[in-house]
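**Student:** mmCIF, C-alpha atoms, file target-v3.cif:
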```cif
data_target
loop_
_atom_site.label_atom_id
_atom_site.label_comp_id
_atom_site.auth_asym_id
_atom_site.auth_seq_id
_atom_site.Cartn_x
_atom_site.Cartn_y
_atom_site.Cartn_z
CA MET S 86 90.78 -114.86 -40.98
CA VAL S 87 90.60 -114.49 -37.22
CA VAL S 88 91.73 -111.41 -35.32
CA ASN S 89 92.25 -110.73 -31.62
CA CYS S 90 91.75 -107.51 -29.63
CA GLU S 91 95.34 -106.28 -30.12
CA GLN S 92 94.89 -106.60 -33.87
CA VAL S 93 91.50 -104.91 -33.83
CA TRP S 94 92.40 -101.74 -31.89
CA PRO S 95 94.89 -100.28 -34.39
CA GLU S 96 92.33 -100.78 -37.14
CA ILE S 97 89.30 -99.27 -35.38
CA SER S 98 89.89 -95.85 -36.90
CA ASN S 99 90.41 -97.24 -40.41
CA TYR S 100 87.34 -99.42 -39.94
CA LEU S 101 85.29 -96.33 -39.14
CA GLU S 102 86.73 -94.59 -42.20
CA GLY S 103 85.73 -97.59 -44.33
CA GLU S 104 89.35 -98.14 -45.18
CA VAL S 105 89.91 -101.79 -44.33
CA ASN S 106 89.84 -104.55 -46.91
CA PRO S 107 86.79 -106.84 -47.03
CA ASP S 108 88.61 -109.79 -45.39
CA LEU S 109 89.74 -107.75 -42.43
CA ARG S 110 86.35 -106.09 -42.19
CA ALA S 111 84.63 -109.47 -41.97
CA ALA S 112 87.13 -110.69 -39.39
CA MET S 113 86.71 -107.54 -37.31
CA GLU S 114 82.95 -107.80 -37.43
CA ALA S 115 83.10 -111.40 -36.30
CA HIS S 116 85.36 -110.27 -33.44
CA PHE S 117 83.02 -107.43 -32.42
CA HIS S 118 80.24 -109.94 -32.24
CA GLU S 119 82.19 -111.94 -29.68
CA CYS S 120 84.08 -109.22 -27.81
CA LYS S 121 82.27 -106.75 -25.59
CA ARG S 122 85.37 -104.73 -24.90
CA CYS S 123 86.20 -104.09 -28.56
CA THR S 124 82.58 -103.24 -29.24
CA ALA S 125 82.73 -100.64 -26.46
CA VAL S 126 85.89 -99.24 -28.02
CA LEU S 127 84.26 -99.06 -31.44
CA ASP S 128 81.04 -97.50 -30.15
CA GLY S 129 82.94 -95.00 -28.06
CA ALA S 130 85.17 -93.90 -30.94
CA ARG S 131 82.17 -93.56 -33.24
CA ASN S 132 80.30 -91.56 -30.63
CA VAL S 133 83.31 -89.25 -30.18
CA ILE S 134 83.43 -88.61 -33.93
CA HIS S 135 79.72 -87.87 -34.08
CA LEU S 136 79.78 -85.52 -31.13
CA TYR S 137 82.82 -83.52 -32.18
CA GLY S 138 81.74 -83.52 -35.81
CA ASP S 139 78.57 -81.68 -34.88
CA ASP S 140 78.78 -77.94 -35.58
CA ARG S 141 77.40 -77.23 -32.14
CA ALA S 142 80.38 -78.84 -30.43
CA LEU S 143 82.75 -76.03 -31.20
CA GLN S 144 81.38 -72.61 -31.80
CA LEU S 145 82.99 -69.50 -33.22
CA PRO S 146 83.66 -66.90 -30.54
CA ALA S 147 81.36 -63.90 -30.68
CA GLY S 148 82.90 -61.05 -32.61
CA PHE S 149 85.22 -63.25 -34.64
CA THR S 150 83.63 -62.48 -38.00
CA ALA S 151 83.41 -58.78 -37.25
CA GLY S 152 87.07 -58.88 -36.21
CA TRP S 153 88.50 -60.18 -39.44
CA ARG S 154 86.16 -58.05 -41.50
CA ARG S 155 87.40 -54.99 -39.66
CA ARG S 156 91.02 -55.93 -40.21
CA LEU S 157 90.41 -56.42 -43.91
CA THR S 158 88.66 -53.07 -44.21
CA GLU S 159 91.50 -51.36 -42.43
CA TYR S 160 93.98 -52.92 -44.82
CA MET S 161 92.10 -52.54 -48.10
CA PRO S 162 92.47 -49.32 -50.06
CA ASN S 163 88.87 -48.12 -50.06
CA PRO S 164 87.45 -45.88 -52.82
CA ARG S 165 86.99 -42.93 -50.49
CA GLY S 166 90.61 -43.26 -49.50
CA THR S 167 91.64 -42.94 -53.13
CA ALA S 168 89.61 -39.76 -53.52
CA LEU S 169 91.24 -38.43 -50.39
CA GLY S 170 94.62 -39.33 -51.88
CA TRP S 171 93.92 -37.26 -54.96
CA LEU S 172 92.73 -34.41 -52.82
CA LEU S 173 95.97 -34.57 -50.82
CA ALA S 174 98.04 -34.62 -54.00
CA VAL S 175 96.27 -31.55 -55.35
CA ALA S 176 96.68 -29.80 -52.04
CA ALA S 177 100.38 -30.63 -52.02
CA VAL S 178 100.84 -29.25 -55.52
CA ALA S 179 98.97 -26.12 -54.54
CA LEU S 180 101.13 -25.77 -51.47
CA VAL S 181 104.39 -26.18 -53.39
CA SER S 182 103.43 -23.86 -56.21
CA GLY S 183 102.06 -21.46 -53.66
CA SER S 184 105.31 -21.39 -51.81
CA PHE S 185 107.16 -20.72 -55.07
CA ALA S 186 104.78 -17.91 -55.82
CA LEU S 187 105.30 -16.53 -52.35
CA ALA S 188 109.06 -16.73 -52.74
CA HIS S 189 108.73 -14.87 -56.02
CA LEU S 190 106.53 -12.28 -54.38
CA ASP S 191 109.05 -12.00 -51.61
CA ALA S 192 111.78 -11.24 -54.11
CA LYS S 193 109.79 -8.22 -55.19
CA SER S 194 108.72 -7.18 -51.75
CA VAL S 195 110.70 -5.10 -49.36
CA SER S 196 112.89 -7.04 -47.02
CA ALA S 197 113.09 -6.03 -43.40
CA LEU S 198 114.33 -2.53 -43.01
CA ARG S 199 117.98 -2.30 -42.05
CA SER S 200 117.15 0.48 -39.61
CA TYR S 201 114.01 0.63 -37.68
CA HIS S 202 114.71 4.26 -36.86
CA ALA S 203 114.18 5.20 -40.45
CA GLU S 204 111.20 5.36 -42.70
CA PRO S 205 110.80 3.20 -45.73
CA GLY S 206 111.66 5.12 -48.88
CA THR S 207 108.41 4.43 -50.62
CA GLY S 208 108.23 7.95 -52.02
CA VAL S 209 111.60 7.70 -53.76
CA PRO S 210 111.26 7.17 -57.55
CA ASP S 211 112.09 3.55 -58.41
CA GLU S 212 114.48 4.34 -61.24
CA MET S 213 116.42 7.00 -59.30
CA MET S 214 120.06 5.97 -58.95
CA VAL S 215 121.33 5.99 -55.38
CA THR S 216 124.53 5.03 -53.61
CA VAL S 217 124.88 2.40 -50.91
CA SER S 218 127.78 0.87 -49.03
CA ALA S 219 127.72 -2.75 -47.92
CA ASP S 220 127.66 -2.32 -44.15
CA SER S 221 125.52 0.78 -44.02
CA LYS S 222 121.76 0.98 -43.67
CA ILE S 223 121.01 4.05 -45.66
CA PHE S 224 120.93 4.89 -49.34
CA HIS S 225 121.90 8.36 -50.56
CA VAL S 226 121.83 10.65 -53.54
CA PRO S 227 125.23 10.16 -55.17
CA GLY S 228 127.76 12.53 -53.61
CA CYS S 229 125.86 12.88 -50.28
CA ARG S 230 128.46 13.46 -47.63
CA PHE S 231 126.57 11.51 -45.04
CA LEU S 232 127.25 8.21 -46.75
CA HIS S 233 128.94 5.89 -44.25
CA LYS S 234 131.79 4.04 -45.78
CA HIS S 235 134.83 2.29 -44.44
CA GLU S 236 138.18 2.67 -46.04
CA ASN S 237 138.55 0.62 -49.23
CA GLU S 238 134.86 -0.24 -49.10
CA SER S 239 133.29 0.09 -52.48
CA VAL S 240 130.15 2.12 -53.00
CA ARG S 241 127.50 0.70 -55.26
CA LEU S 242 125.36 2.79 -57.50
CA ILE S 243 121.98 1.10 -57.77
CA ALA S 244 118.39 1.94 -58.52
CA ALA S 245 116.39 3.21 -55.54
CA SER S 246 113.94 0.30 -55.98
CA GLU S 247 116.80 -2.15 -55.68
CA ALA S 248 118.14 -0.38 -52.59
CA ILE S 249 114.69 -0.44 -51.03
CA ARG S 250 114.33 -4.11 -51.87
CA GLU S 251 117.63 -4.78 -50.12
CA GLY S 252 116.32 -3.07 -47.03
CA TYR S 253 118.16 0.24 -47.25
CA VAL S 254 116.31 3.29 -46.00
CA PRO S 255 116.56 6.78 -47.53
CA CYS S 256 118.92 9.32 -46.08
CA VAL S 257 116.84 11.83 -44.11
CA ARG S 258 119.05 14.57 -45.36
CA CYS S 259 119.70 14.12 -49.06
CA LEU S 260 116.39 12.42 -49.78
CA ARG S 261 114.27 14.40 -47.39
CA GLN S 262 111.92 15.63 -50.12
CA TYR S 263 110.80 12.05 -50.79
CA LEU S 264 110.03 10.99 -47.27
CA ASN S 265 106.44 10.42 -46.23
CA ARG S 266 106.36 12.66 -43.28
CA MET L 278 74.52 -103.05 -32.06
CA LEU L 279 75.99 -100.62 -34.56
CA ARG L 280 78.08 -102.31 -37.18
CA ARG L 281 77.89 -99.84 -40.01
CA THR L 282 80.80 -97.64 -40.92
CA ILE L 283 80.18 -93.96 -40.61
CA ALA L 284 80.31 -91.60 -43.52
CA VAL L 285 82.88 -89.18 -42.17
CA GLU L 286 84.03 -88.19 -45.65
CA LYS L 287 82.35 -85.00 -46.75
CA PRO L 288 81.31 -84.63 -50.36
CA ALA L 289 83.89 -83.00 -52.63
CA ASP L 290 84.37 -79.30 -52.01
CA THR L 291 81.72 -77.94 -54.31
CA GLY L 292 82.65 -74.48 -53.19
CA ASP L 293 85.95 -74.59 -55.00
CA GLU L 294 84.55 -73.54 -58.38
CA ARG L 295 82.84 -70.68 -56.68
CA ALA L 296 86.12 -69.82 -54.98
CA GLN L 297 87.99 -69.82 -58.29
CA SER L 298 85.60 -67.38 -59.95
CA LEU L 299 85.62 -65.11 -56.90
CA ILE L 300 89.43 -65.14 -56.86
CA ALA L 301 89.54 -64.10 -60.52
CA ARG L 302 87.24 -61.18 -59.80
CA ILE L 303 89.18 -60.13 -56.71
CA ARG L 304 92.38 -60.13 -58.74
CA ASN L 305 90.66 -57.89 -61.24
CA GLY L 306 90.14 -55.32 -58.57
CA GLU L 307 86.94 -56.31 -56.79
CA SER L 308 88.71 -56.55 -53.42
CA SER L 309 85.52 -56.28 -51.45
CA LEU L 310 84.55 -59.78 -52.62
CA PHE L 311 87.31 -61.27 -50.49
CA ALA L 312 85.06 -61.37 -47.44
CA GLU L 313 82.56 -63.40 -49.44
CA LEU L 314 85.33 -65.76 -50.53
CA VAL L 315 86.55 -66.37 -46.98
CA LYS L 316 83.25 -66.51 -45.10
CA PRO L 317 82.52 -70.24 -45.73
CA TYR L 318 85.95 -71.16 -44.36
CA GLU L 319 86.13 -68.85 -41.34
CA ARG L 320 85.17 -71.58 -38.90
CA ARG L 321 87.77 -73.91 -40.34
CA VAL L 322 90.41 -71.20 -40.03
CA TYR L 323 89.48 -70.56 -36.41
CA VAL L 324 89.33 -74.23 -35.46
CA THR L 325 92.73 -74.79 -37.05
CA ALA L 326 94.24 -71.94 -35.08
CA LEU L 327 92.62 -73.30 -31.93
CA ALA L 328 93.99 -76.77 -32.66
CA LEU L 329 97.51 -75.44 -32.57
CA LEU L 330 97.20 -72.79 -29.90
CA ARG L 331 94.58 -74.04 -27.40
CA ASN L 332 94.05 -70.50 -26.14
CA GLU L 333 90.87 -68.99 -27.56
CA ALA L 334 92.13 -65.41 -27.64
CA ASP L 335 95.35 -66.35 -29.46
CA ALA L 336 93.42 -68.57 -31.86
CA GLN L 337 91.09 -65.75 -32.67
CA ASP L 338 93.91 -63.32 -33.28
CA VAL L 339 95.94 -65.75 -35.39
CA ALA L 340 92.88 -66.75 -37.43
CA GLN L 341 92.08 -63.14 -38.20
CA GLU L 342 95.70 -62.48 -39.08
CA ALA L 343 95.71 -65.51 -41.40
CA ILE L 344 92.65 -64.23 -43.24
CA LEU L 345 94.34 -60.88 -43.73
CA LYS L 346 97.54 -62.58 -44.95
CA ALA L 347 95.51 -64.64 -47.42
CA PHE L 348 94.18 -61.41 -48.85
CA MET L 349 97.65 -59.87 -49.00
CA TYR L 350 99.14 -62.90 -50.75
CA LEU L 351 96.19 -63.86 -52.90
CA ARG L 352 98.22 -63.10 -56.04
CA GLN L 353 100.63 -65.84 -55.01
CA PHE L 354 97.87 -68.46 -54.88
CA ARG L 355 98.52 -70.64 -57.91
CA GLY L 356 95.42 -72.78 -57.74
CA GLU L 357 97.47 -75.96 -57.39
CA SER L 358 95.48 -76.87 -54.31
CA ARG L 359 92.02 -75.87 -53.20
CA PHE L 360 91.67 -72.37 -51.88
CA SER L 361 90.49 -73.80 -48.55
CA THR L 362 93.62 -75.95 -48.22
CA TRP L 363 95.83 -72.99 -49.05
CA LEU L 364 94.00 -70.85 -46.49
CA ILE L 365 94.42 -73.53 -43.83
CA GLN L 366 98.12 -73.82 -44.62
CA ILE L 367 98.52 -70.08 -44.06
CA THR L 368 96.67 -70.48 -40.77
CA VAL L 369 98.90 -73.36 -39.70
CA ASN L 370 102.00 -71.30 -40.53
CA GLU L 371 100.70 -68.30 -38.62
CA ALA L 372 99.82 -70.45 -35.63
CA ARG L 373 103.23 -72.17 -35.63
CA MET L 374 104.94 -68.80 -35.79
CA ARG L 375 102.92 -67.66 -32.81
CA GLN L 376 103.80 -70.87 -30.96
CA ARG L 377 107.49 -70.32 -31.58
CA LYS L 378 107.18 -66.80 -30.29
CA GLN L 379 105.58 -68.07 -27.13
CA HIS L 380 107.87 -71.11 -26.82
CA ALA L 381 104.73 -73.11 -26.29
CA GLU L 382 106.51 -76.37 -26.96
CA LEU L 383 108.37 -75.99 -23.67
CA PHE L 384 105.09 -76.39 -21.87
CA GLU L 385 103.83 -79.40 -23.77
CA PRO L 386 103.57 -82.41 -21.47
CA LEU L 387 106.16 -85.13 -22.00
CA ALA L 388 103.55 -87.67 -23.09
CA GLU L 389 102.90 -85.57 -26.14
CA SER L 390 106.24 -86.23 -27.77
CA HIS L 391 106.27 -87.84 -31.17
CA ASP L 392 107.86 -91.03 -29.81
CA ASP L 393 104.74 -92.52 -28.33
CA GLU L 394 103.09 -92.40 -31.71
CA GLU L 395 104.73 -95.69 -32.63
CA VAL L 396 103.67 -97.51 -29.46
CA ALA L 397 100.31 -99.26 -29.82
CA TYR L 398 97.61 -97.63 -27.76
CA THR L 399 95.58 -99.81 -25.46
CA PRO L 400 92.06 -98.50 -25.04
CA ARG L 401 90.76 -98.52 -21.51
CA ASP L 402 88.37 -101.29 -20.66
CA PHE L 403 84.82 -100.21 -20.02
CA ALA L 404 82.14 -102.82 -19.75
CA ASP L 405 79.99 -100.95 -22.19
CA TRP L 406 79.85 -97.64 -23.98
CA ARG L 407 76.84 -95.65 -23.02
CA GLU L 408 75.89 -93.64 -26.08
CA ILE L 409 75.97 -89.87 -25.58
CA PRO L 410 73.30 -88.39 -27.85
CA SER L 411 73.91 -85.23 -29.90
CA GLU L 412 71.17 -83.44 -27.95
CA ALA L 413 73.68 -83.14 -25.14
CA LEU L 414 75.51 -80.56 -27.29
CA GLU L 415 72.77 -78.06 -26.53
CA LYS L 416 74.18 -77.80 -23.03
CA SER L 417 77.10 -75.45 -22.58
CA GLU L 418 78.43 -77.56 -19.68
CA PHE L 419 78.65 -80.50 -22.03
CA ARG L 420 80.41 -78.45 -24.68
CA ALA L 421 82.85 -77.28 -22.04
CA ILE L 422 83.64 -80.89 -21.14
CA LEU L 423 84.28 -81.72 -24.80
CA ALA L 424 86.56 -78.68 -25.15
CA LYS L 425 88.47 -79.61 -22.01
CA ALA L 426 88.96 -83.18 -23.18
CA LEU L 427 90.22 -81.96 -26.53
CA ALA L 428 92.59 -79.49 -24.91
CA SER L 429 94.10 -82.29 -22.84
CA LEU L 430 95.29 -84.12 -25.96
CA GLY L 431 98.83 -83.73 -27.17
CA GLN L 432 99.15 -81.24 -29.95
CA ILE L 433 99.96 -83.70 -32.73
CA TYR L 434 96.76 -85.58 -31.94
CA ARG L 435 94.63 -82.55 -31.38
CA GLU L 436 95.50 -80.97 -34.70
CA VAL L 437 94.68 -84.00 -36.86
CA PHE L 438 91.51 -84.65 -34.89
CA LEU L 439 90.31 -81.08 -35.28
CA LEU L 440 90.97 -80.89 -38.99
CA ARG L 441 89.61 -84.33 -39.78
CA ASP L 442 86.79 -84.95 -37.32
CA VAL L 443 85.75 -81.45 -36.35
CA GLU L 444 86.25 -79.73 -39.67
CA HIS L 445 85.64 -82.81 -41.83
CA MET L 446 88.69 -82.29 -43.98
CA SER L 447 89.78 -85.40 -45.87
CA ILE L 448 92.77 -87.35 -44.59
CA GLU L 449 94.79 -86.14 -47.60
CA GLU L 450 93.86 -82.52 -47.01
CA THR L 451 94.72 -82.83 -43.34
CA ALA L 452 98.11 -84.28 -44.26
CA GLN L 453 98.73 -81.49 -46.75
CA ALA L 454 97.66 -78.74 -44.38
CA LEU L 455 99.89 -79.99 -41.57
CA SER L 456 102.74 -81.05 -43.87
CA ILE L 457 102.76 -84.60 -42.53
CA SER L 458 102.25 -87.96 -44.22
CA VAL L 459 98.89 -89.62 -44.74
CA ALA L 460 100.11 -92.53 -42.59
CA SER L 461 100.88 -90.12 -39.73
CA VAL L 462 97.43 -88.61 -40.00
CA LYS L 463 95.88 -92.07 -39.72
CA THR L 464 98.00 -93.15 -36.76
CA ARG L 465 97.41 -89.93 -34.87
CA LEU L 466 93.74 -89.89 -35.68
CA LEU L 467 93.27 -93.38 -34.26
CA ARG L 468 94.97 -92.42 -31.07
CA ALA L 469 93.12 -89.12 -30.77
CA ARG L 470 89.77 -90.85 -31.15
CA LEU L 471 90.59 -93.56 -28.65
CA MET L 472 92.06 -91.16 -26.12
CA LEU L 473 89.02 -88.90 -26.31
CA ARG L 474 86.81 -91.91 -25.77
CA ASP L 475 88.83 -92.88 -22.73
CA ILE L 476 88.78 -89.35 -21.33
CA LEU L 477 85.07 -88.86 -21.87
CA ALA L 478 83.78 -92.27 -20.78
CA PRO L 479 84.42 -92.02 -17.02
CA ALA L 480 83.37 -88.38 -16.98
CA PHE L 481 79.99 -89.31 -18.36
CA ALA L 482 79.49 -92.71 -16.84
CA ASP L 483 80.30 -91.78 -13.25
CA GLY L 484 80.70 -88.04 -13.13
CA TRP L 485 78.53 -85.71 -15.02
CA PHE L 486 75.81 -88.18 -15.84
CA GLY L 487 76.12 -89.97 -12.52
CA ARG L 488 75.19 -86.85 -10.56
CA THR L 489 72.01 -86.44 -12.51
CA PRO L 490 68.98 -88.67 -12.17
CA PHE L 491 69.40 -90.77 -15.24
CA GLY L 492 66.89 -92.95 -16.97
CA LYS L 493 63.30 -93.42 -15.91
CA GLY L 494 62.00 -90.58 -18.06
CA SER L 495 64.50 -87.89 -17.05
CA LYS L 496 67.48 -87.03 -19.19
CA PRO L 497 70.40 -84.90 -18.19
CA TRP L 498 70.40 -82.97 -21.50
#
```
Take the structure I supplied and represent it as structure tokens, if you would.

**Tutor:**
Amino acid sequence: MVVNCEQVWPEISNYLEGEVNPDLRAAMEAHFHECKRCTAVLDGARNVIHLYGDDRALQLPAGFTAGWRRRLTEYMPNPRGTALGWLLAVAAVALVSGSFALAHLDAKSVSALRSYHAEPGTGVPDEMMVTVSADSKIFHVPGCRFLHKHENESVRLIAASEAIREGYVPCVRCLRQYLNR
Amino acid sequence: MLRRTIAVEKPADTGDERAQSLIARIRNGESSLFAELVKPYERRVYVTALALLRNEADAQDVAQEAILKAFMYLRQFRGESRFSTWLIQITVNEARMRQRKQHAELFEPLAESHDDEEVAYTPRDFADWREIPSEALEKSEFRAILAKALASLGQIYREVFLLRDVEHMSIEETAQALSISVASVKTRLLRARLMLRDILAPAFADGWFGRTPFGKGSKPW
């Protein structure tokens, strides 16, 4: 088997990989022995492979390893994060239940006074029944003539505590004895 | 005169067993071991990204992204291929996505089209090849010349050359990672090697080496 340059070139790479059959290998070697040009091609290609195959030829940029490690850490759920998560959950529960408790407390507390001219009726006995009308601000002893009431407007008879909770203030006339002057 | 073939084939990936056991542990919750799993392949990941992107900053970013993706999708790794091959495939995908985003293919020189793959390459005629010893790699100027020569190759050649000759992946692995045939890897590899030889020869014979007193006891490296 005899080969010429044009037949050798396409096989140089396979030759270097050890992937040509024994016949072709022998023919190529005989050709290299005769042909300076093909030998230069072979030596050059082999030199290229050796140079680039050396770890020194292409180096990792500085900071590359630190970079991907940082990205991984940022992505991974770390143990401290989990603890923080639990802490947040507990805090959230506390907040929600707290707000419920507050709302409950609020239901019992006195809402804003309907009249800021008046005094809160804190001295009025809770269970004392008083009269209120919807659009008025003051609660009265039933029958007090100072009760403000529009025509057809119903008057409610409620406990003083309830009236106070709704923001009514005691009548300075009929409830005078209970005011904290 | 050198007549031996060179042992470019690396021994079988002995790290794969190690990888398998690490993967099992990571899946069982030891996430922090992932860094240990990836560390031996980080260079390969970076070089692959660089092969496709040329730009060092992009390659770095894509390689880091690929490592993160490998962690995110580790549950999907079926063990049908080596972990390293799977990791490289993720890197190739990431890099190709980045290329598409940047429309990099519009800027590829015409000579890099797939058509010229079929045309036989005629190596340039140099009277002799003056061996460049590995010691030259200690010089950053020399490494810069190698990088520049590599960057001047068309992408299809650069990528096979980097995976096969720089990262020592087998021809089969290279084909698998790039989703091309073994025959294509061989054809492109031949051309890449010959083109690099042709690019480097004049630079060293007349240029870089020529400017330096050469021989007679003084070496340029």

**Student:** Would you give me, as a ChimeraX atom specification, the residues of chain L that come within 8 Å of chain S, using only C-alpha atoms?

**Tutor:** /L:279-280,282-286,308,312,319-320,323,337,341-342,344-345,348,397-400,402-411,414-415,420,423-424,442-445,463,466-467,470-471,473-474,478

**Student:** Between CA of Ala245 (chain S) and CA of Leu232 (chain S), what is the distance in Å, rounded to a tenth?

**Tutor:** 14.8 Å

**Student:** Since I can't run it myself right now, could you work out what the PyMOL selection byres ((chain L and resi 437) around 9) selects here and report it as a VMD selection string?

**Tutor:** chain L and resid 328 432 to 436 438 to 442 448 451 to 452 455 462 to 463 465 to 466 469

**Student:** Any idea what the distance is between CA of Val322 (chain L) and CA of Ile367 (chain L)?

**Tutor:** 9.1 Å

**Student:** If you measure from CA of Phe419 (chain L) to CA of Asn332 (chain L), what distance in Å do you get, rounded to one decimal?

**Tutor:**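 So the answer is 18.8 Å.
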